[in-house]
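Peer 1: Provided herewith is a single structure, encoded as structure tokens, for subsequent inquiry.
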Amino acid sequence: MASLSSLNSICIDRSCCVKYRDGVKNSMVKKLYVRSSLAKSATQNSQFEEIKAQKSEKFRIGVLGASGYTGSEIIRLLAGHPNYQITLMTADRKAGQSIGSVFPHLVKQELPDLVAVKDADFANVDAVFCCLPHGTTQEIVKGLPSNLKIVDLSADFRLHDVGEYEEWYGQPHGAQELQKEAVYGLTEISRPEIQSARLVANPGCYPTSIQLPLIPLIKANLIEVKNIIIDSKSGVSGAGRGAKEANLYTEIAEGIHSYGVTRHRHVPEIEQGLSKAANSKVTVSFTPHLMPMSRGMQSTIYVEMASGASTEDLYQHLRQFYENEEFVVLLNKNEVPHTRHVRGSNYCLINIFPDRIPRRAIIISVIDNLVKGASGQALQNLNLMMGIPETTGLVSVPLFP
Ligand SMILES: NC(=O)C1=CN([C@@H]2O[C@H](COP(=O)(O)OP(=O)(O)OC[C@H]3O[C@@H](n4cnc5c(N)ncnc54)[C@H](OP(=O)(O)O)[C@@H]3O)[C@@H](O)[C@H]2O)C=CC1
Ligand SMILES: CC(=O)N[C@@H](CCC(=O)OP(=O)(O)O)C(=O)O
């Protein structure tokens, strides 16, 4: 057996190496080889090899759009991740700055400075998180080296039908070949496809909170696919960090705003996922609202149950469907999910209630728009793509209150 001290010294190095920037793989491997000469037995050697193998899986990550909200959330989540190190970060207006000057809460992270995408060197990058505005994203992704794994947080690769993309996003799709390759990354629903994907289109925040409860219920024929009404509410960070008049404190505080009524661009994304589950065209009534809170999202969904189905059937089916999932949780009966129960975490909490109107049910689903609705799910997907346990770096207790 390896002595405790030899194993400890390796483990200490593993945690410290998060702090190195360049050449971390080589220097770690070198250090570990030196230490291996001290190993006495074959068992020690094999344990060492195992750790070295784990170490060599320290993938180099680029964060494109690191000066935005989802980019900074990726950086926060990766700060404690044992298998990744950030080697590249890009920005637009903030290019040339350090991350600590853009986000003082990240000042203690030892990270490269922000560079413009045109100056980015992808030679030391194995995978990228693309945290850029839609439209810009497809242009940038087209120019990335073809060996990179990509998780794109924008809407650019989510819609399979490029005609629908043009209709809802107001511009023709500029990277149609890549669109064909992209896998829609609703993790709990499409795990096998994500595992073997090179390019994953991370779902939108509203579509995540809506599809997680509805897809299993539709697949099991427990709800009617007509007359689905969805009322969603989002924190203001959902709109990104860019300055916009509509997002000023004076416009947001002390009020609720409906927006995108009948024409929000998440409608086709939601309908795409639900239609696939139903094997027929599903349409929904969806209205999003902006809430005076910085993060968090709730979708309240009104459905008609299938003939013979009860809310108990819906509840038991969802509970069973997600029983082995870490991040999607059915609360105990009658407990109402609140956005503050998932703040800063990758969890989606769901519950189902009988409506007063016979045969109708009310589903409440909450997520943090920046985590399960964006960067957390993106990390979950990259873990899968890299062959790392899916929950790595993501299991944390939500901030409360
Ligand atoms: N916020 C959310 O809750 C969610 C967001 N998304 C999607 O994720 C993506 C990122 O969102 P979010 O982080 O909120 O957005 P932000 O506006 O906060 O950040 C955008 C980032 O992109 C950079 N950027 C802007 N324009 C360009 C350009 N022309 N070329 C290169 N870089 C550019 C910005 O750089 P700089 O700051 O230096 O100008 C910044 O780093 C968007 O597509 C969004 O729709 C998806 C799910 C949820
Ligand atoms: C509050 C707010 O403005 N939210 C954004 C949705 C955020 C998101 O998921 O956007 P993408 O589809 O571009 O990734 C919106 O309604 O446009």
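Residues are referred to by chain and number: the chain letter is A, B, ... according to the order shown in the structure tokens, the number counts from 1 in that chain, and ligands are numbered separately from 1 in the order shown.
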Using only C-alpha atoms and all ligand atoms, what are the residues with an atom within 8 Å of ligand 2, set out as a list in words?

Peer 2: Pro133, His134, Leu153, Ser154, Ala155, Pro203, Gly204, Cys205, Tyr206, Pro207, Ser234, Gly235, Val236, Ser237, Gly238, Ala239, Gly240, Tyr259, Gly260, His264, Arg265, His266, Pro288, His289, Leu290, Asn369, Gly373 and Ala374 of chain A

Peer 1: Between atom CA of A:Ala120 and atom CA of A:Met89, measure the distance and give it in Å to one decimal.

Peer 2: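 Between atom CA of A:Ala120 and atom CA of A:Met89 the gap is 8.1 Å.
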
Peer 1: Select, from A:Lys142, A:Arg295, A:Lys233, A:Arg263, the residue with the minimum atom-to-atom distance to A:Trp168, counting only C-alpha atoms.

Peer 2: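 So, comparing all the options, the nearest one is A:Arg263.
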
Peer 1: Which residue, A:Gly163, A:Ser299, A:Pro337, A:Arg158, has the smallest gap to A:Glu181 when you use only C-alpha atoms?

Peer 2: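 Nearest candidate to A:Glu181 out of A:Gly163, A:Ser299, A:Pro337, A:Arg158: A:Arg158.
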
Peer 1: Give me, as a PyMOL selection string, all polymer residues having an atom no more than 12 Å from A:Tyr165, counting only C-alpha atoms and skipping those fewer than 4 positions away in the same chain.

Peer 2: chain A and resi 134-135+155-161+169-176+179+265-269+272

Peer 1: Write out as a VMD selection string all residues of stretch 66-300 of chain A that backbone DSSP assigns to alpha helix (DSSP H).

Peer 2: chain A and resid 69 to 78 99 to 102 136 to 142 162 to 169 176 to 181 187 to 195 205 to 219 249 to 252 267 to 278
